[in-house]
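Everything below belongs to input31.cif, which stores mmCIF, C-alpha atoms.
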data_target
#
loop_
_atom_site.group_PDB
_atom_site.id
_atom_site.type_symbol
_atom_site.label_atom_id
_atom_site.label_comp_id
_atom_site.auth_asym_id
_atom_site.auth_seq_id
_atom_site.Cartn_x
_atom_site.Cartn_y
_atom_site.Cartn_z
ATOM 1 C CA MET A 1111 -4.181 19.360 7.781
ATOM 2 C CA PHE A 1112 -3.459 20.366 4.184
ATOM 3 C CA GLU A 1113 -4.257 24.003 4.968
ATOM 4 C CA LEU A 1114 -1.127 24.059 7.163
ATOM 5 C CA ILE A 1115 1.154 23.359 4.190
ATOM 6 C CA THR A 1116 2.451 26.586 2.718
ATOM 7 C CA ALA A 1117 4.636 25.456 -0.178
ATOM 8 C CA ALA A 1118 5.793 22.297 -1.925
ATOM 9 C CA THR A 1119 7.906 21.082 -4.793
ATOM 10 C CA PHE A 1120 8.032 17.730 -6.562
ATOM 11 C CA ASP A 1121 10.261 15.930 -9.008
ATOM 12 C CA ALA A 1122 9.867 12.434 -10.407
ATOM 13 C CA ARG A 1123 10.905 10.629 -7.211
ATOM 14 C CA THR A 1124 10.794 13.143 -4.377
ATOM 15 C CA GLY A 1125 8.675 15.830 -2.812
ATOM 16 C CA ARG A 1126 9.524 18.538 -0.303
ATOM 17 C CA ALA A 1127 7.239 20.897 1.540
ATOM 18 C CA ARG A 1128 7.051 23.520 4.239
ATOM 19 C CA ALA A 1129 4.272 23.562 6.812
ATOM 20 C CA ALA A 1130 3.495 26.230 9.378
ATOM 21 C CA VAL A 1131 1.621 25.041 12.441
ATOM 22 C CA PRO A 1132 0.490 27.791 14.828
ATOM 23 C CA ALA A 1133 0.210 27.300 18.571
ATOM 24 C CA ASP A 1134 -3.514 27.989 18.638
ATOM 25 C CA VAL A 1135 -4.896 25.275 16.339
ATOM 26 C CA PRO A 1136 -8.347 24.705 17.933
ATOM 27 C CA PHE A 1137 -8.286 20.922 17.744
ATOM 28 C CA LEU A 1138 -4.914 20.816 19.520
ATOM 29 C CA ALA A 1139 -6.106 22.878 22.506
ATOM 30 C CA ASP A 1140 -5.776 19.884 24.845
ATOM 31 C CA HIS A 1141 -2.398 18.800 23.507
ATOM 32 C CA PHE A 1142 -1.254 20.302 25.897
ATOM 33 C CA PRO A 1143 -2.729 23.340 27.689
ATOM 34 C CA GLY A 1144 0.049 25.879 28.104
ATOM 35 C CA ALA A 1145 2.602 23.681 26.282
ATOM 36 C CA PRO A 1146 1.296 22.991 22.781
ATOM 37 C CA VAL A 1147 2.954 20.055 21.024
ATOM 38 C CA LEU A 1148 2.216 18.712 17.550
ATOM 39 C CA PRO A 1149 1.034 15.074 17.903
ATOM 40 C CA GLY A 1150 3.120 12.496 16.047
ATOM 41 C CA SER A 1151 0.061 11.285 14.160
ATOM 42 C CA LEU A 1152 -0.393 14.768 12.707
ATOM 43 C CA GLN A 1153 3.275 14.968 11.740
ATOM 44 C CA LEU A 1154 2.665 11.850 9.668
ATOM 45 C CA GLU A 1155 -0.566 13.279 8.302
ATOM 46 C CA LEU A 1156 1.347 16.341 7.056
ATOM 47 C CA CYS A 1157 3.837 13.966 5.416
ATOM 48 C CA ALA A 1158 0.929 12.099 3.814
ATOM 49 C CA GLN A 1159 -0.297 15.332 2.239
ATOM 50 C CA ILE A 1160 2.957 15.360 0.245
ATOM 51 C CA ALA A 1161 3.250 11.588 -0.211
ATOM 52 C CA GLY A 1162 -0.207 11.577 -1.843
ATOM 53 C CA PRO A 1163 0.490 13.844 -4.836
ATOM 54 C CA LEU A 1164 3.942 12.244 -5.225
ATOM 55 C CA ALA A 1165 2.336 8.787 -5.408
ATOM 56 C CA GLU A 1166 -0.360 9.932 -7.833
ATOM 57 C CA ARG A 1167 2.244 11.415 -10.178
ATOM 58 C CA ALA A 1168 4.394 8.269 -9.981
ATOM 59 C CA VAL A 1169 1.477 6.000 -10.894
ATOM 60 C CA LEU A 1170 0.476 8.332 -13.709
ATOM 61 C CA ALA A 1171 4.055 8.284 -15.049
ATOM 62 C CA ASP A 1172 4.633 4.528 -14.571
ATOM 63 C CA GLN A 1173 1.219 3.058 -15.306
ATOM 64 C CA LYS A 1174 -0.354 5.822 -17.410
ATOM 65 C CA VAL A 1175 -3.440 5.840 -15.201
ATOM 66 C CA GLU A 1176 -4.840 8.651 -13.097
ATOM 67 C CA ARG A 1177 -5.578 7.451 -9.594
ATOM 68 C CA TRP A 1178 -6.053 9.083 -6.213
ATOM 69 C CA ALA A 1179 -3.946 8.284 -3.200
ATOM 70 C CA PHE A 1180 -5.195 7.516 0.297
ATOM 71 C CA LEU A 1181 -3.078 6.737 3.323
ATOM 72 C CA GLY A 1182 -3.406 2.987 3.872
ATOM 73 C CA MET A 1183 -0.622 2.010 6.245
ATOM 74 C CA VAL A 1184 2.138 3.520 8.338
ATOM 75 C CA ARG A 1185 5.273 1.399 8.725
ATOM 76 C CA ASN A 1186 8.393 1.778 10.833
ATOM 77 C CA ALA A 1187 7.412 5.174 12.224
ATOM 78 C CA VAL A 1188 9.847 6.710 14.667
ATOM 79 C CA PHE A 1189 9.285 9.947 16.583
ATOM 80 C CA HIS A 1190 12.609 11.418 17.614
ATOM 81 C CA ARG A 1191 11.571 14.482 19.579
ATOM 82 C CA PRO A 1192 8.509 16.562 20.485
ATOM 83 C CA VAL A 1193 7.617 19.430 18.154
ATOM 84 C CA ALA A 1194 6.701 22.446 20.257
ATOM 85 C CA LEU A 1195 4.239 24.835 18.639
ATOM 86 C CA PRO A 1196 4.308 27.173 16.836
ATOM 87 C CA ALA A 1197 6.582 25.333 14.430
ATOM 88 C CA GLU A 1198 7.784 25.464 10.867
ATOM 89 C CA LEU A 1199 8.199 21.938 9.526
ATOM 90 C CA LEU A 1200 10.171 20.745 6.542
ATOM 91 C CA ILE A 1201 8.707 17.612 5.028
ATOM 92 C CA ALA A 1202 10.607 15.259 2.741
ATOM 93 C CA ALA A 1203 9.148 12.357 0.782
ATOM 94 C CA GLU A 1204 10.822 9.849 -1.521
ATOM 95 C CA LEU A 1205 9.375 6.975 -3.542
ATOM 96 C CA LYS A 1206 10.457 3.535 -2.407
ATOM 97 C CA ARG A 1207 8.178 1.266 -4.424
ATOM 98 C CA VAL A 1208 5.564 1.985 -7.089
ATOM 99 C CA GLU A 1209 2.848 -0.496 -8.005
ATOM 100 C CA PRO A 1210 -0.480 0.138 -9.724
ATOM 101 C CA SER A 1211 -2.518 0.042 -6.505
ATOM 102 C CA SER A 1212 -0.007 0.988 -3.862
ATOM 103 C CA VAL A 1213 3.005 3.226 -3.494
ATOM 104 C CA VAL A 1214 5.458 3.143 -0.607
ATOM 105 C CA VAL A 1215 6.896 6.543 0.274
ATOM 106 C CA VAL A 1216 9.705 7.146 2.775
ATOM 107 C CA VAL A 1217 8.920 10.348 4.652
ATOM 108 C CA SER A 1218 10.422 12.542 7.315
ATOM 109 C CA ALA A 1219 9.546 15.800 9.024
ATOM 110 C CA SER A 1220 12.060 18.170 10.576
ATOM 111 C CA ALA A 1221 11.604 21.158 12.852
ATOM 112 C CA GLY A 1222 14.268 23.611 13.953
ATOM 113 C CA GLY A 1223 16.839 21.834 11.807
ATOM 114 C CA GLU A 1224 16.362 18.477 13.563
ATOM 115 C CA GLN A 1225 14.470 15.437 12.363
ATOM 116 C CA ALA A 1226 11.255 15.026 14.329
ATOM 117 C CA CYS A 1227 9.901 11.872 12.727
ATOM 118 C CA ARG A 1228 10.433 9.426 9.910
ATOM 119 C CA GLY A 1229 8.585 6.438 8.570
ATOM 120 C CA GLU A 1230 7.130 4.752 5.523
ATOM 121 C CA LEU A 1231 3.670 5.591 4.257
ATOM 122 C CA VAL A 1232 1.838 3.082 2.110
ATOM 123 C CA MET A 1233 -0.435 5.095 -0.143
ATOM 124 C CA MET A 1234 -3.286 3.112 -1.679
ATOM 125 C CA LEU A 1235 -4.305 4.201 -5.173
ATOM 126 C CA ARG A 1236 -7.901 4.127 -6.344
ATOM 127 C CA ASP A 1237 -9.648 5.190 -9.500
ATOM 128 C CA ALA A 1238 -11.423 8.495 -9.019
ATOM 129 C CA ASP A 1239 -15.179 8.218 -8.663
ATOM 130 C CA PRO A 1240 -16.953 10.802 -10.856
ATOM 131 C CA ALA A 1241 -18.732 11.934 -7.707
ATOM 132 C CA TRP A 1242 -15.392 13.174 -6.385
ATOM 133 C CA ALA A 1243 -14.916 15.618 -9.270
ATOM 134 C CA GLY A 1244 -15.203 18.705 -7.071
ATOM 135 C CA ALA A 1245 -12.782 17.376 -4.469
ATOM 136 C CA THR A 1246 -10.243 16.201 -7.026
ATOM 137 C CA ALA A 1247 -10.298 19.560 -8.833
ATOM 138 C CA GLU A 1248 -9.734 21.328 -5.510
ATOM 139 C CA ALA A 1249 -6.881 18.938 -4.653
ATOM 140 C CA ARG A 1250 -5.161 19.691 -7.960
ATOM 141 C CA ALA A 1251 -5.580 23.436 -7.458
ATOM 142 C CA ARG A 1252 -4.213 23.171 -3.923
ATOM 143 C CA VAL A 1253 -1.056 21.358 -5.051
ATOM 144 C CA ALA A 1254 -0.592 23.914 -7.836
ATOM 145 C CA ARG A 1255 -0.794 26.707 -5.231
ATOM 146 C CA TRP A 1256 1.836 24.971 -3.076
ATOM 147 C CA GLU A 1257 4.162 24.598 -6.049
ATOM 148 C CA ALA A 1258 3.701 28.226 -7.054
ATOM 149 C CA ALA A 1259 4.621 29.268 -3.491
ATOM 150 C CA TRP A 1260 7.828 27.189 -3.313
ATOM 151 C CA MET B 1137 7.090 -26.446 1.643
ATOM 152 C CA LYS B 1138 10.445 -25.166 2.786
ATOM 153 C CA ASN B 1139 9.235 -21.803 4.010
ATOM 154 C CA PHE B 1140 6.000 -22.896 5.682
ATOM 155 C CA ASP B 1141 7.041 -22.213 9.292
ATOM 156 C CA ALA B 1142 8.442 -18.796 8.405
ATOM 157 C CA VAL B 1143 5.374 -17.759 6.383
ATOM 158 C CA ALA B 1144 2.997 -19.073 9.068
ATOM 159 C CA ALA B 1145 4.861 -16.988 11.659
ATOM 160 C CA LEU B 1146 4.528 -13.912 9.431
ATOM 161 C CA VAL B 1147 0.796 -14.566 8.971
ATOM 162 C CA ARG B 1148 0.399 -14.715 12.764
ATOM 163 C CA GLU B 1149 2.461 -11.539 13.150
ATOM 164 C CA THR B 1150 0.457 -9.686 10.485
ATOM 165 C CA LEU B 1151 -2.853 -10.473 12.161
ATOM 166 C CA SER B 1152 -1.492 -10.332 15.736
ATOM 167 C CA LEU B 1153 -2.837 -13.839 16.195
ATOM 168 C CA GLY B 1154 -0.559 -14.941 19.011
ATOM 169 C CA ASP B 1155 0.292 -18.608 19.334
ATOM 170 C CA VAL B 1156 -2.408 -20.189 17.185
ATOM 171 C CA ASP B 1157 -2.115 -22.824 14.492
ATOM 172 C CA VAL B 1158 -1.872 -21.645 10.897
ATOM 173 C CA ARG B 1159 -2.462 -24.439 8.382
ATOM 174 C CA PRO B 1160 -1.498 -24.698 4.699
ATOM 175 C CA ASP B 1161 -5.124 -25.271 3.658
ATOM 176 C CA GLN B 1162 -6.409 -22.044 5.204
ATOM 177 C CA LEU B 1163 -7.582 -19.375 2.787
ATOM 178 C CA LEU B 1164 -6.089 -16.012 3.633
ATOM 179 C CA PHE B 1165 -9.203 -13.989 2.859
ATOM 180 C CA TYR B 1166 -11.920 -16.478 3.760
ATOM 181 C CA ASP B 1167 -10.596 -18.463 6.722
ATOM 182 C CA LEU B 1168 -8.172 -15.946 8.203
ATOM 183 C CA GLU B 1169 -10.264 -12.876 7.280
ATOM 184 C CA PHE B 1170 -7.426 -11.011 5.591
ATOM 185 C CA THR B 1171 -8.124 -7.626 4.025
ATOM 186 C CA SER B 1172 -6.186 -6.366 1.014
ATOM 187 C CA LEU B 1173 -4.105 -4.193 3.368
ATOM 188 C CA ASP B 1174 -3.322 -7.229 5.534
ATOM 189 C CA LEU B 1175 -2.066 -9.009 2.423
ATOM 190 C CA LEU B 1176 0.108 -6.051 1.480
ATOM 191 C CA ASP B 1177 1.454 -5.965 5.039
ATOM 192 C CA LEU B 1178 2.194 -9.706 4.882
ATOM 193 C CA LEU B 1179 4.001 -9.338 1.550
ATOM 194 C CA PHE B 1180 6.179 -6.549 2.975
ATOM 195 C CA ARG B 1181 7.063 -8.852 5.867
ATOM 196 C CA VAL B 1182 7.826 -11.741 3.475
ATOM 197 C CA GLU B 1183 10.139 -9.496 1.487
ATOM 198 C CA GLU B 1184 11.929 -8.145 4.558
ATOM 199 C CA THR B 1185 12.260 -11.522 6.294
ATOM 200 C CA LEU B 1186 12.710 -13.996 3.442
ATOM 201 C CA GLY B 1187 14.107 -11.675 0.783
ATOM 202 C CA VAL B 1188 11.416 -12.557 -1.733
ATOM 203 C CA ALA B 1189 9.539 -9.729 -3.442
ATOM 204 C CA ILE B 1190 6.054 -10.601 -4.671
ATOM 205 C CA PRO B 1191 4.931 -7.643 -6.777
ATOM 206 C CA GLU B 1192 1.348 -6.916 -7.712
ATOM 207 C CA GLY B 1193 0.199 -9.134 -10.587
ATOM 208 C CA THR B 1194 2.405 -12.118 -9.669
ATOM 209 C CA ILE B 1195 -0.503 -14.582 -9.389
ATOM 210 C CA TYR B 1196 -1.931 -13.224 -12.628
ATOM 211 C CA ARG B 1197 1.371 -13.785 -14.433
ATOM 212 C CA HIS B 1198 1.841 -17.275 -13.017
ATOM 213 C CA ALA B 1199 -1.719 -18.312 -13.863
ATOM 214 C CA ARG B 1200 -1.503 -16.880 -17.380
ATOM 215 C CA GLY B 1201 1.844 -18.483 -18.193
ATOM 216 C CA ASP B 1202 2.282 -18.400 -21.966
ATOM 217 C CA VAL B 1203 -1.429 -17.988 -22.751
ATOM 218 C CA PRO B 1204 -1.927 -14.844 -24.869
ATOM 219 C CA GLU B 1205 -3.237 -11.923 -22.817
ATOM 220 C CA ALA B 1206 -6.457 -11.641 -24.849
ATOM 221 C CA GLU B 1207 -7.300 -15.303 -24.250
ATOM 222 C CA PHE B 1208 -6.654 -15.056 -20.526
ATOM 223 C CA ALA B 1209 -8.599 -11.920 -19.601
ATOM 224 C CA GLU B 1210 -11.013 -9.568 -21.243
ATOM 225 C CA LYS B 1211 -12.312 -6.198 -20.071
ATOM 226 C CA GLY B 1212 -10.848 -6.655 -16.614
ATOM 227 C CA TYR B 1213 -12.226 -10.156 -15.985
ATOM 228 C CA LEU B 1214 -10.767 -13.622 -16.522
ATOM 229 C CA THR B 1215 -12.048 -15.519 -19.531
ATOM 230 C CA PRO B 1216 -13.315 -19.098 -18.923
ATOM 231 C CA LEU B 1217 -9.801 -20.269 -19.888
ATOM 232 C CA GLY B 1218 -8.281 -17.749 -17.505
ATOM 233 C CA ARG B 1219 -10.534 -18.934 -14.687
ATOM 234 C CA GLU B 1220 -9.572 -22.534 -15.384
ATOM 235 C CA ARG B 1221 -5.864 -21.655 -15.340
ATOM 236 C CA LEU B 1222 -6.257 -19.809 -12.044
ATOM 237 C CA MET B 1223 -8.093 -22.783 -10.511
ATOM 238 C CA GLN B 1224 -5.290 -25.088 -11.684
ATOM 239 C CA LEU B 1225 -2.656 -22.844 -10.126
ATOM 240 C CA LEU B 1226 -4.602 -22.601 -6.869
ATOM 241 C CA SER B 1227 -5.675 -26.234 -6.890
ATOM 242 C CA ASP B 1228 -5.772 -26.476 -3.097
ATOM 243 C CA SER B 1229 -8.466 -23.776 -2.870
ATOM 244 C CA PRO B 1230 -12.008 -25.204 -2.870
ATOM 245 C CA PRO B 1231 -13.556 -24.828 -6.368
ATOM 246 C CA SER B 1232 -16.728 -23.434 -4.785
ATOM 247 C CA ILE B 1233 -15.018 -20.159 -3.818
ATOM 248 C CA PHE B 1234 -14.256 -19.189 -7.439
ATOM 249 C CA PRO B 1235 -17.127 -17.103 -8.847
ATOM 250 C CA ASP B 1236 -18.010 -17.314 -12.533
ATOM 251 C CA LYS B 1237 -16.668 -13.813 -13.147
ATOM 252 C CA ILE B 1238 -13.318 -13.075 -11.509
ATOM 253 C CA HIS B 1239 -11.900 -9.563 -11.649
ATOM 254 C CA VAL B 1240 -8.216 -9.544 -12.561
ATOM 255 C CA GLN B 1241 -7.352 -7.522 -9.470
ATOM 256 C CA ALA B 1242 -9.099 -9.997 -7.161
ATOM 257 C CA LEU B 1243 -6.908 -13.047 -7.776
ATOM 258 C CA PRO B 1244 -5.091 -12.957 -4.393
ATOM 259 C CA ARG B 1245 -8.495 -13.392 -2.689
ATOM 260 C CA TYR B 1246 -8.433 -17.103 -3.566
ATOM 261 C CA ILE B 1247 -4.993 -17.989 -2.251
ATOM 262 C CA THR B 1248 -4.273 -20.380 0.621
ATOM 263 C CA VAL B 1249 -1.370 -20.168 3.031
ATOM 264 C CA GLY B 1250 0.055 -23.237 1.286
ATOM 265 C CA ALA B 1251 -0.141 -21.623 -2.152
ATOM 266 C CA LEU B 1252 1.654 -18.552 -0.835
ATOM 267 C CA VAL B 1253 4.391 -20.762 0.605
ATOM 268 C CA ARG B 1254 4.758 -22.577 -2.747
ATOM 269 C CA LEU B 1255 5.086 -19.197 -4.455
ATOM 270 C CA VAL B 1256 7.738 -18.048 -1.969
ATOM 271 C CA ASP B 1257 9.637 -21.358 -2.376
ATOM 272 C CA HIS B 1258 9.464 -21.029 -6.158
ATOM 273 C CA LEU B 1259 10.610 -17.407 -6.238
ATOM 274 C CA GLN B 1260 13.396 -18.094 -3.776
ATOM 275 C CA GLN B 1261 14.642 -20.979 -5.917
ATOM 276 C CA ALA B 1262 14.403 -18.909 -9.096
ATOM 277 C CA ARG B 1263 16.708 -16.200 -7.718
#

As structure tokens, how would this structure be written, given the file I've shared?
Amino acid sequence: MFELITAATFDARTGRARAAVPADVPFLADHFPGAPVLPGSLQLELCAQIAGPLAERAVLADQKVERWAFLGMVRNAVFHRPVALPAELLIAAELKRVEPSSVVVVVSASAGGEQACRGELVMMLRDADPAWAGATAEARARVARWEAAW
Amino acid sequence: MKNFDAVAALVRETLSLGDVDVRPDQLLFYDLEFTSLDLLDLLFRVEETLGVAIPEGTIYRHARGDVPEAEFAEKGYLTPLGRERLMQLLSDSPPSIFPDKIHVQALPRYITVGALVRLVDHLQQAR
């Protein structure tokens, strides 16, 4: 899903991003034929793409350790309205709690000026395995591209 | 154990256990098959329901007490003194479950429901 994010910005406690989801995403072809709608799970996944870097930066700032964030739990998710495709989404993320191995991020996604979903994402933080070096370098470059585009 | 009924209900809720007995002597990870995410989920529920936050490292801090850090743990593992202090704190957990080398991040693995309730009672009283 990260390829659908076009721009992002972060400060110490928050992140914001824009995502552009076209109507012809191949894996959404059945959701639904003739009336494409972005599934709620993918709205949260887009939010997690922003919650992840925000959590990693928070743990680096607070704990002075570089760790990588993975979505571990979704709490209190609410889906207010369907998001018809194509859609431009605005994603907002804010730190709620920072611990060495987990970070809780309050997220929301809006489309057409109205909130589509909100919830809390629990991002689990793990030390980077040296075998992930390629993926972690690409992740850093990707976030840098989003920030440059904001 | 003032908060036993409330914590037992939250344990059942976390694991979607339905109406089954939860006992103080049950080990969260061994008897109830908790995962680390289940524990985190339970602690969120404890905080929201009982108003008691149990941050990461709480068991470590309680077990260490006033023992100097270097005497309690070394290179990420408890020292023999650290292991002894942990076993004292979690005295209702069977000694056989404590391995010789205990990673400092693994301490919640050895906790019983009863020990969690004692911790909640203690933290609630300390507020």

Quiz item: Could you list, as a list of chain:residue names, every residue of chain A that has an atom within 8 Å of an atom of chain B, counting all atoms listed in the file?
Solution: A:Gly1182, A:Met1183, A:Glu1209, A:Pro1210

Self-check item: Within 12 Å of B:Arg1200 using all atoms listed in the file, minus same-chain residues under 2 positions, as number ranges by chain
Solution: B: 1193-1198, 1202-1209, 1214-1215, 1217-1225, 1240, 1243

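One finds atom CA of B:Gly1250 at 17.2 Å from atom CA of B:Phe1234.
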
Exercise. Give me, please, the distance in Å between atom CA of B:Tyr1166 and atom CA of B:Ser1232, quoted to one decimal.
Key: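 Computed distance, atom CA of B:Tyr1166 to atom CA of B:Ser1232, equals 12.0 Å.
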
Quiz item: If we count only C-alpha atoms, what is near A:Ala1171 at a cut-off of 12 Å, once residues fewer than 5 positions away on the same chain are taken out, given as a PyMOL selection string?
Solution: chain A and resi 1121-1123+1164-1166+1176-1177+1208-1210

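Among B:Leu1179, B:Ile1238, B:Ala1189, B:Leu1252, the residue with the shortest atom-to-atom distance to B:Gln1162, counting all atoms listed in the file, is B:Leu1252.
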
Stretch 1170-1197 of chain A written out with N, CA and C atoms as a PDB file, in the first residue's frame:
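out_28.pdb, freshly written:
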ATOM      1  N   LEU A1170      13.477   6.285  18.572  1.00  0.00           N
ATOM      2  CA  LEU A1170      14.858   6.747  18.408  1.00  0.00           C
ATOM      3  C   LEU A1170      15.103   7.982  19.288  1.00  0.00           C
ATOM      4  N   ALA A1171      14.141   8.902  19.317  1.00  0.00           N
ATOM      5  CA  ALA A1171      14.304  10.122  20.115  1.00  0.00           C
ATOM      6  C   ALA A1171      14.245   9.817  21.613  1.00  0.00           C
ATOM      7  N   ASP A1172      13.296   8.975  22.028  1.00  0.00           N
ATOM      8  CA  ASP A1172      13.084   8.705  23.458  1.00  0.00           C
ATOM      9  C   ASP A1172      14.099   7.729  24.026  1.00  0.00           C
ATOM     10  N   GLN A1173      14.346   6.664  23.289  1.00  0.00           N
ATOM     11  CA  GLN A1173      15.143   5.547  23.829  1.00  0.00           C
ATOM     12  C   GLN A1173      16.551   5.491  23.239  1.00  0.00           C
ATOM     13  N   LYS A1174      16.799   6.301  22.231  1.00  0.00           N
ATOM     14  CA  LYS A1174      18.110   6.311  21.558  1.00  0.00           C
ATOM     15  C   LYS A1174      18.436   4.958  20.928  1.00  0.00           C
ATOM     16  N   VAL A1175      17.416   4.261  20.460  1.00  0.00           N
ATOM     17  CA  VAL A1175      17.670   2.999  19.757  1.00  0.00           C
ATOM     18  C   VAL A1175      16.920   3.020  18.425  1.00  0.00           C
ATOM     19  N   GLU A1176      17.547   2.417  17.421  1.00  0.00           N
ATOM     20  CA  GLU A1176      16.910   2.361  16.109  1.00  0.00           C
ATOM     21  C   GLU A1176      16.184   1.036  15.986  1.00  0.00           C
ATOM     22  N   ARG A1177      14.864   1.125  15.886  1.00  0.00           N
ATOM     23  CA  ARG A1177      14.054  -0.084  15.753  1.00  0.00           C
ATOM     24  C   ARG A1177      13.093   0.103  14.592  1.00  0.00           C
ATOM     25  N   TRP A1178      12.500  -1.011  14.167  1.00  0.00           N
ATOM     26  CA  TRP A1178      11.579  -0.983  13.035  1.00  0.00           C
ATOM     27  C   TRP A1178      10.187  -1.347  13.507  1.00  0.00           C
ATOM     28  N   ALA A1179       9.224  -0.633  12.976  1.00  0.00           N
ATOM     29  CA  ALA A1179       7.848  -0.761  13.460  1.00  0.00           C
ATOM     30  C   ALA A1179       7.038  -1.696  12.570  1.00  0.00           C
ATOM     31  N   PHE A1180       6.234  -2.529  13.237  1.00  0.00           N
ATOM     32  CA  PHE A1180       5.302  -3.420  12.551  1.00  0.00           C
ATOM     33  C   PHE A1180       3.936  -3.247  13.201  1.00  0.00           C
ATOM     34  N   LEU A1181       2.905  -3.297  12.391  1.00  0.00           N
ATOM     35  CA  LEU A1181       1.557  -3.185  12.957  1.00  0.00           C
ATOM     36  C   LEU A1181       1.250  -4.431  13.783  1.00  0.00           C
ATOM     37  N   GLY A1182       0.963  -4.222  15.082  1.00  0.00           N
ATOM     38  CA  GLY A1182       0.708  -5.358  15.961  1.00  0.00           C
ATOM     39  C   GLY A1182      -0.745  -5.499  16.359  1.00  0.00           C
ATOM     40  N   MET A1183      -1.449  -4.363  16.475  1.00  0.00           N
ATOM     41  CA  MET A1183      -2.816  -4.430  16.985  1.00  0.00           C
ATOM     42  C   MET A1183      -3.593  -3.204  16.513  1.00  0.00           C
ATOM     43  N   VAL A1184      -4.846  -3.414  16.234  1.00  0.00           N
ATOM     44  CA  VAL A1184      -5.736  -2.287  15.906  1.00  0.00           C
ATOM     45  C   VAL A1184      -6.761  -2.200  17.026  1.00  0.00           C
ATOM     46  N   ARG A1185      -6.916  -1.012  17.612  1.00  0.00           N
ATOM     47  CA  ARG A1185      -7.867  -0.857  18.715  1.00  0.00           C
ATOM     48  C   ARG A1185      -8.869   0.253  18.389  1.00  0.00           C
ATOM     49  N   ASN A1186     -10.087   0.034  18.834  1.00  0.00           N
ATOM     50  CA  ASN A1186     -11.132   1.059  18.749  1.00  0.00           C
ATOM     51  C   ASN A1186     -11.289   1.651  17.348  1.00  0.00           C
ATOM     52  N   ALA A1187     -11.245   0.785  16.343  1.00  0.00           N
ATOM     53  CA  ALA A1187     -11.390   1.290  14.965  1.00  0.00           C
ATOM     54  C   ALA A1187     -12.860   1.552  14.666  1.00  0.00           C
ATOM     55  N   VAL A1188     -13.101   2.678  14.042  1.00  0.00           N
ATOM     56  CA  VAL A1188     -14.455   3.051  13.637  1.00  0.00           C
ATOM     57  C   VAL A1188     -14.394   3.486  12.180  1.00  0.00           C
ATOM     58  N   PHE A1189     -15.321   2.973  11.380  1.00  0.00           N
ATOM     59  CA  PHE A1189     -15.392   3.354   9.963  1.00  0.00           C
ATOM     60  C   PHE A1189     -16.673   4.153   9.765  1.00  0.00           C
ATOM     61  N   HIS A1190     -16.506   5.437   9.475  1.00  0.00           N
ATOM     62  CA  HIS A1190     -17.664   6.331   9.463  1.00  0.00           C
ATOM     63  C   HIS A1190     -18.450   6.271   8.165  1.00  0.00           C
ATOM     64  N   ARG A1191     -17.741   6.103   7.054  1.00  0.00           N
ATOM     65  CA  ARG A1191     -18.440   6.152   5.763  1.00  0.00           C
ATOM     66  C   ARG A1191     -17.586   5.440   4.714  1.00  0.00           C
ATOM     67  N   PRO A1192     -18.249   4.936   3.652  1.00  0.00           N
ATOM     68  CA  PRO A1192     -17.471   4.281   2.588  1.00  0.00           C
ATOM     69  C   PRO A1192     -16.622   5.307   1.827  1.00  0.00           C
ATOM     70  N   VAL A1193     -15.487   4.860   1.339  1.00  0.00           N
ATOM     71  CA  VAL A1193     -14.618   5.728   0.532  1.00  0.00           C
ATOM     72  C   VAL A1193     -14.681   5.237  -0.911  1.00  0.00           C
ATOM     73  N   ALA A1194     -15.453   5.958  -1.720  1.00  0.00           N
ATOM     74  CA  ALA A1194     -15.579   5.575  -3.130  1.00  0.00           C
ATOM     75  C   ALA A1194     -14.290   5.924  -3.853  1.00  0.00           C
ATOM     76  N   LEU A1195     -13.897   5.051  -4.784  1.00  0.00           N
ATOM     77  CA  LEU A1195     -12.664   5.268  -5.536  1.00  0.00           C
ATOM     78  C   LEU A1195     -12.990   5.792  -6.929  1.00  0.00           C
ATOM     79  N   PRO A1196     -12.100   6.626  -7.515  1.00  0.00           N
ATOM     80  CA  PRO A1196     -10.802   7.056  -6.972  1.00  0.00           C
ATOM     81  C   PRO A1196     -10.990   8.038  -5.804  1.00  0.00           C
ATOM     82  N   ALA A1197      -9.971   8.063  -4.946  1.00  0.00           N
ATOM     83  CA  ALA A1197     -10.061   8.956  -3.780  1.00  0.00           C
ATOM     84  C   ALA A1197      -8.691   9.492  -3.409  1.00  0.00           C
TER      85      ALA A1197
END
